[in-house]
Structure formats: structure tokens, C-alpha cells
>>> print(open('upload15.tsv').read())   # TSV, C-alpha atoms
chain	number	residue	atom	x	y	z
A	1	MET	CA	-12.14	-46.51	161.54
A	2	THR	CA	-15.05	-46.32	159.11
A	3	ARG	CA	-18.54	-46.06	160.55
A	4	LEU	CA	-20.99	-48.57	159.08
A	5	ASP	CA	-24.38	-47.61	157.73
A	6	ARG	CA	-27.50	-48.73	159.59
A	7	TYR	CA	-28.06	-51.88	157.52
A	8	SER	CA	-24.44	-53.07	157.78
A	9	ALA	CA	-24.31	-52.19	161.49
A	10	GLU	CA	-27.45	-54.22	162.27
A	11	LYS	CA	-26.03	-57.18	160.34
A	12	MET	CA	-22.79	-57.08	162.35
A	13	LEU	CA	-24.68	-56.71	165.63
A	14	ARG	CA	-26.65	-59.88	164.86
A	15	ILE	CA	-23.38	-61.71	164.23
A	16	ILE	CA	-21.50	-60.41	167.27
A	17	ARG	CA	-24.26	-60.33	169.90
A	18	PRO	CA	-24.01	-64.05	170.85
A	19	TYR	CA	-20.30	-63.61	171.60
A	20	ILE	CA	-20.61	-60.67	174.02
A	21	GLN	CA	-22.03	-61.82	177.33
A	22	ASN	CA	-24.66	-59.95	179.36
A	23	ILE	CA	-24.56	-56.86	177.15
A	24	SER	CA	-27.46	-55.54	175.11
A	25	LEU	CA	-26.29	-53.83	171.94
A	26	SER	CA	-29.26	-51.92	170.57
A	27	PRO	CA	-29.01	-50.82	166.92
A	28	ASP	CA	-30.44	-47.45	167.96
A	29	MET	CA	-27.74	-46.84	170.57
A	30	THR	CA	-24.71	-48.69	169.15
A	31	GLU	CA	-22.18	-47.20	166.75
A	32	VAL	CA	-20.39	-49.84	164.68
A	33	CYS	CA	-17.08	-49.06	162.97
A	34	MET	CA	-14.65	-51.15	160.94
A	35	ARG	CA	-11.06	-51.02	159.75
A	36	ASN	CA	-8.59	-53.30	158.04
A	37	VAL	CA	-5.77	-54.68	160.20
A	38	PRO	CA	-2.93	-55.82	157.94
A	39	PHE	CA	-1.25	-57.93	160.63
A	40	TYR	CA	-4.40	-60.12	160.87
A	41	GLY	CA	-4.63	-61.05	157.22
A	42	THR	CA	-8.20	-61.06	155.89
A	43	PHE	CA	-9.79	-60.39	159.29
A	44	ARG	CA	-11.26	-56.97	159.94
A	45	LEU	CA	-11.42	-55.17	163.27
A	46	TYR	CA	-14.86	-53.98	164.39
A	47	SER	CA	-15.71	-51.67	167.27
A	48	PHE	CA	-19.13	-51.58	168.92
A	49	THR	CA	-19.73	-48.46	171.00
A	50	ASP	CA	-22.77	-48.69	173.26
A	51	ARG	CA	-23.97	-45.13	173.81
A	52	SER	CA	-26.76	-46.16	176.17
A	53	ASN	CA	-24.09	-46.19	178.90
A	54	HIS	CA	-22.28	-43.22	180.39
A	55	PRO	CA	-19.48	-43.12	179.64
A	56	PRO	CA	-20.04	-45.09	176.41
A	57	GLN	CA	-18.60	-48.60	176.42
A	58	THR	CA	-16.69	-49.91	173.40
A	59	HIS	CA	-16.16	-53.57	172.55
A	60	PHE	CA	-13.78	-54.84	169.87
A	61	ALA	CA	-13.83	-57.99	167.75
A	62	LEU	CA	-12.03	-59.51	164.79
A	63	TYR	CA	-14.31	-60.93	162.13
A	64	LYS	CA	-14.26	-62.66	158.81
A	65	PRO	CA	-17.11	-64.85	157.55
A	66	GLY	CA	-17.31	-67.90	159.78
A	67	HIS	CA	-14.83	-66.66	162.39
A	68	VAL	CA	-15.23	-64.27	165.36
A	69	HIS	CA	-12.73	-63.32	168.06
A	70	VAL	CA	-13.90	-60.91	170.77
A	71	PHE	CA	-11.26	-58.97	172.69
A	72	ASP	CA	-11.86	-58.65	176.43
A	73	MET	CA	-9.53	-55.67	176.81
A	74	ASN	CA	-6.51	-57.51	178.15
A	75	HIS	CA	-3.26	-58.69	176.64
A	76	LYS	CA	-4.17	-62.38	176.79
A	77	SER	CA	-7.04	-62.08	174.33
A	78	ILE	CA	-4.72	-60.24	171.93
A	79	TYR	CA	-2.15	-63.02	172.16
A	80	GLU	CA	-4.91	-65.61	171.62
A	81	ALA	CA	-5.98	-63.78	168.47
A	82	ASN	CA	-2.37	-63.73	167.30
A	83	SER	CA	-2.21	-67.52	167.71
A	84	ASN	CA	-5.56	-68.25	166.05
A	85	THR	CA	-5.35	-66.02	162.98
A	86	PRO	CA	-2.88	-65.64	160.09
A	87	PHE	CA	-0.92	-63.13	162.19
A	88	SER	CA	2.14	-61.54	160.59
A	89	LEU	CA	4.30	-58.59	161.62
A	90	ASN	CA	6.81	-56.65	159.55
A	91	ARG	CA	8.58	-53.32	159.79
A	92	GLU	CA	5.74	-51.58	157.95
A	93	ASN	CA	2.88	-52.73	160.20
A	94	VAL	CA	4.48	-53.19	163.64
A	95	MET	CA	3.81	-49.58	164.70
A	96	ASP	CA	0.13	-50.02	163.89
A	97	TYR	CA	0.17	-53.22	165.95
A	98	VAL	CA	1.71	-51.46	168.97
A	99	ARG	CA	-0.95	-48.72	168.79
A	100	PHE	CA	-3.63	-51.41	168.52
A	101	PHE	CA	-2.12	-53.31	171.45
A	102	PHE	CA	-2.09	-50.38	173.86
A	103	THR	CA	-5.62	-49.39	172.84
A	104	LEU	CA	-6.99	-52.83	173.68
A	105	ALA	CA	-4.77	-53.92	176.61
A	106	ARG	CA	-6.80	-52.06	179.24
A	107	LYS	CA	-7.69	-54.62	181.91
A	108	LYS	CA	-4.44	-54.59	183.83
A	109	ILE	CA	-4.24	-53.27	187.38
A	110	GLU	CA	-2.29	-50.36	185.92
A	111	ASN	CA	-2.70	-49.16	182.36
A	112	ILE	CA	0.13	-47.86	180.22
A	113	HIS	CA	-1.03	-45.18	177.82
A	114	LEU	CA	0.83	-44.62	174.55
A	115	VAL	CA	1.49	-40.91	173.89
A	116	GLU	CA	2.59	-39.77	170.42
A	117	LYS	CA	1.51	-36.14	170.56
A	118	LEU	CA	0.48	-33.64	173.20
A	119	ASP	CA	-3.22	-34.23	172.48
A	120	ASP	CA	-2.78	-37.88	173.52
A	121	ILE	CA	-2.24	-36.85	177.14
A	122	PRO	CA	-5.72	-37.12	178.72
A	123	PHE	CA	-5.63	-33.85	180.67
A	124	THR	CA	-8.40	-32.98	183.10
A	125	ASP	CA	-6.99	-29.45	183.41
A	126	PHE	CA	-4.60	-27.99	180.88
A	127	PRO	CA	-1.27	-26.86	182.31
A	128	SER	CA	0.19	-23.41	181.80
A	129	GLU	CA	1.43	-22.38	178.37
A	130	ASP	CA	5.06	-22.78	179.47
A	131	ARG	CA	4.36	-26.25	180.87
A	132	THR	CA	2.49	-27.20	177.69
A	133	ASP	CA	5.46	-26.12	175.56
A	134	GLU	CA	7.80	-28.11	177.79
A	135	LEU	CA	5.66	-31.24	177.51
A	136	GLY	CA	5.39	-30.77	173.76
A	137	GLN	CA	9.18	-31.00	173.55
A	138	LEU	CA	9.21	-34.22	175.59
A	139	VAL	CA	6.56	-36.13	173.67
A	140	GLN	CA	7.91	-38.06	170.69
A	141	PRO	CA	6.05	-40.14	168.12
A	142	LEU	CA	6.58	-43.88	167.93
A	143	LEU	CA	9.85	-44.57	166.09
A	144	HIS	CA	11.92	-47.57	165.10
A	145	SER	CA	15.01	-47.80	167.29
A	146	PRO	CA	18.07	-47.01	165.13
A	147	GLN	CA	20.24	-49.31	167.25
A	148	GLY	CA	18.05	-52.38	166.84
A	149	GLY	CA	18.06	-54.54	169.95
A	150	ASN	CA	17.21	-57.91	171.45
A	151	HIS	CA	13.85	-58.25	169.71
A	152	PRO	CA	12.88	-58.56	166.05
A	153	PHE	CA	11.23	-55.13	166.39
A	154	GLU	CA	12.27	-52.40	168.83
A	155	LEU	CA	10.52	-49.06	169.03
A	156	MET	CA	11.18	-45.88	170.97
A	157	ALA	CA	8.05	-44.54	172.62
A	158	THR	CA	6.62	-42.00	175.03
A	159	VAL	CA	4.19	-43.58	177.48
A	160	MET	CA	2.09	-42.49	180.42
A	161	PHE	CA	1.78	-44.44	183.66
A	162	ARG	CA	-0.61	-43.03	186.27
A	163	ASN	CA	0.11	-39.29	186.11
A	164	ALA	CA	3.73	-39.50	184.95
A	165	LEU	CA	5.28	-39.39	181.49
A	166	PHE	CA	8.14	-41.72	180.50
A	167	SER	CA	10.35	-42.51	177.54
A	168	ALA	CA	10.61	-46.26	177.00
A	169	THR	CA	11.71	-48.98	174.62
A	170	ILE	CA	8.99	-51.31	173.33
A	171	GLY	CA	10.15	-54.68	172.06
A	172	VAL	CA	7.89	-56.90	169.94
A	173	ASP	CA	8.59	-60.45	168.78
A	174	GLU	CA	7.18	-62.34	165.78
A	175	LYS	CA	4.22	-63.60	167.85
A	176	GLY	CA	3.27	-60.07	168.89
A	177	ILE	CA	4.48	-60.41	172.49
A	178	VAL	CA	5.13	-56.90	173.80
A	179	LYS	CA	7.86	-56.03	176.30
A	180	ILE	CA	8.64	-52.63	177.81
A	181	SER	CA	12.13	-51.71	179.03
A	182	ASP	CA	14.54	-48.83	179.61
A	183	HIS	CA	11.91	-46.46	181.00
A	184	THR	CA	13.04	-42.96	182.01
A	185	LEU	CA	10.86	-40.46	183.87
A	186	LEU	CA	10.25	-37.33	181.78
A	187	ALA	CA	7.57	-35.47	183.75
A	188	ASP	CA	5.34	-36.11	186.73
A	189	GLU	CA	2.30	-34.77	188.58
A	190	LEU	CA	0.39	-34.24	185.35
A	191	PRO	CA	-3.34	-33.51	185.72
A	192	ALA	CA	-4.32	-36.58	183.68
A	193	HIS	CA	-7.56	-38.54	183.70
A	194	ALA	CA	-7.34	-41.66	185.87
A	195	ASP	CA	-9.49	-43.70	183.47
A	196	HIS	CA	-6.64	-43.68	180.97
A	197	VAL	CA	-3.73	-44.39	183.28
A	198	ALA	CA	-5.09	-46.61	186.03
A	199	HIS	CA	-7.74	-49.32	185.91
A	200	HIS	CA	-8.91	-48.60	189.45
A	201	GLN	CA	-10.29	-45.09	189.72
A	202	ASP	CA	-9.77	-45.11	193.48
A	203	SER	CA	-6.01	-45.62	193.11
A	204	GLY	CA	-5.44	-41.91	193.71
A	205	TRP	CA	-2.73	-39.70	192.27
A	206	GLN	CA	0.87	-40.70	192.88
A	207	ASP	CA	3.95	-38.53	192.84
A	208	GLY	CA	6.52	-39.07	190.09
A	209	ALA	CA	8.96	-41.05	192.26
A	210	MET	CA	6.23	-43.45	193.32
A	211	ALA	CA	4.97	-43.81	189.75
A	212	GLU	CA	8.51	-44.54	188.58
A	213	ASN	CA	9.05	-47.13	191.31
A	214	MET	CA	5.71	-48.79	190.59
A	215	MET	CA	6.34	-48.88	186.85
A	216	GLY	CA	9.76	-50.43	187.40
A	217	GLY	CA	8.32	-52.92	189.87
A	218	MET	CA	5.48	-53.85	187.56
A	219	MET	CA	7.85	-54.48	184.66
A	220	GLY	CA	10.24	-56.41	186.89
A	221	SER	CA	7.56	-58.68	188.32
A	222	MET	CA	6.22	-59.40	184.85
A	223	ALA	CA	9.63	-59.61	183.14
A	224	GLY	CA	8.68	-56.41	181.35
A	225	ALA	CA	6.06	-58.23	179.31
A	226	TYR	CA	2.32	-57.88	178.90
>>> encode(input="upload15.tsv", output="C-alpha cells")
Amino acid sequence: MTRLDRYSAEKMLRIIRPYIQNISLSPDMTEVCMRNVPFYGTFRLYSFTDRSNHPPQTHFALYKPGHVHVFDMNHKSIYEANSNTPFSLNRENVMDYVRFFFTLARKKIENIHLVEKLDDIPFTDFPSEDRTDELGQLVQPLLHSPQGGNHPFELMATVMFRNALFSATIGVDEKGIVKISDHTLLADELPAHADHVAHHQDSGWQDGAMAENMMGGMMGSMAGAY
């Protein structure tokens, strides 16, 4: 994302402030960034990072003159945006959409964290060199599934749930509805940061078998969809 200069940032803060409840976004303490999002037509995605809080809190919104949509960090607000904007997916932009989706869908009881490279694993303590090499071999970037599948777009992904690493298939339809299936446990008991893999910090660490059972149960109870 591109960081806005002070004048442009203050202008965007004036526009967005009425839409974000009970939050004071001071120009002195808020970093405003912007990027184009091709699947949302002429809308642009803005991030507002409030550095007066520790840890800093980031809010996201789509904007074009006369129209604002604030994301509340769950899948429903993403799907609402998809319905209320000129949303369009194709083979070229669907990977960017999946990355966007997992960045913003963070208000579930359990978060699923997309991992495309070793640095994406939010370690609290780095494992041994041998373990790091092993994990590096397991992590794969997001790829189109060569077999196709039951959805207009199917991607092969590496994801993290709690402190366990999985391979999984991510299906996406034309409306941007995301479904996860065919998960396989790759590694467990990773020293990962709970903020990134579980919404409740008091959930505690789980062993790999429990993480696998919970991930399967979560997908089953939700039909594998966000």
C-alpha cells in the first residue's frame, strides 16, 4: 500500500471519521495508506493505522467519491462490499482477493492465517535451523489448482490454524464467497503468536491433533464457508 502525505491523509480522515464509531483518529497518530483493488472496480482500499494504541489498531475502508464502505474485520462485511460495489473476479485477480479476504476476515472465534512463505508464520520464538528448513519445504505459495474443481476458482494454499500448519483447498465463487476444504495437517506445536491464529488470546495452545479436529469441526459446522 502507498502511504499518503499529511494533506491527503487529513482529507481522508475527515471523510472516514463519521463512519468509524467510538474511535478517535488523530492526524498526528494515524498512518493512512491506499491501494487499488482491481476486483472492486474504481473503489480504492484505505487503511487507517492508529498508533496511539498498543498494539496499533488498523481499520480498512473502501472509498470512491460519494461512497464509503467500512470493513469490521469479519467475512460478512466483505460479502456486503462484494454485493454493493462493481465486484468482479477473474483468474488474474482472484489470488489478490484471497489474500485480501484472509487479511480482513479476523473477527471469527478462530482465525485462519494464510501462509505463502516462511516469514508469514508469526513466530514468537524461531525454531531450530533444521526445523526451519523443514517448514520451509512445507510452505507453498498460493497456486491455482491444476485439476480445477467444484468452484469457478480453486486455489491450493498453506494455512495456519492456532499453532498448526495445514495444506488446504480454497474455493471461491463469482460473488467472492470463500470455502475451505481438503485440509491436511503438515506441522503442529509451532511457537506462533496467538493474535494471528486465534481471536481469543486466552484460548491457549492446542496440540496438532486437537487443532486438526477443531479445524475440521469448524469447517463442517459452517459448511466449509466463511
>>> residues_around(input="upload15.tsv", residues="A:Arg3", least_positions_apart="2", cutoff="7 Å", atoms="only C-alpha atoms", output="ChimeraX atom specification")
/A:1,5,32-34
>>> closest_residue(input="upload15.tsv", among="A:Glu116, A:Glu80, A:Glu174, A:Asp188", to="A:Phe161", atoms="only C-alpha atoms")
A:Asp188
>>> atom_distance(input="upload15.tsv", atom1="atom CA of A:Arg131", atom2="atom CA of A:Ile112")
22.0 Å
>>> axis_aligned_box(input="upload15.tsv", around="stretch 110-126 of chain A", padding_each_side="3 Å", output="AutoDock Vina command-line options")
--center_x -2.9 --center_y -39.2 --center_z 178.2 --size_x 17.0 --size_y 28.4 --size_z 21.5
>>> atom_distance(input="upload15.tsv", atom1="atom CA of A:Phe71", atom2="atom CA of A:Val37")
14.3 Å
>>> atom_distance(input="upload15.tsv", atom1="atom CA of A:Gly176", atom2="atom CA of A:Ala61")
17.3 Å
>>> residues_around(input="upload15.tsv", residues="A:Thr103", least_positions_apart="6", cutoff="12 Å", atoms="only C-alpha atoms", output="list in words")
Ser47, Thr58, His59, Phe60, Phe71, Asp72, Met73, Asn74, His75, Ile78, Asp96, Tyr97, Asn111, Ile112, His113, Leu114, Val115, Asp120, His196 and Val197 of chain A
>>> closest_residue(input="upload15.tsv", among="A:Ala9, A:Ala164, A:Ile23, A:Leu142", to="A:Val94", atoms="all atoms listed in the file")
A:Leu142
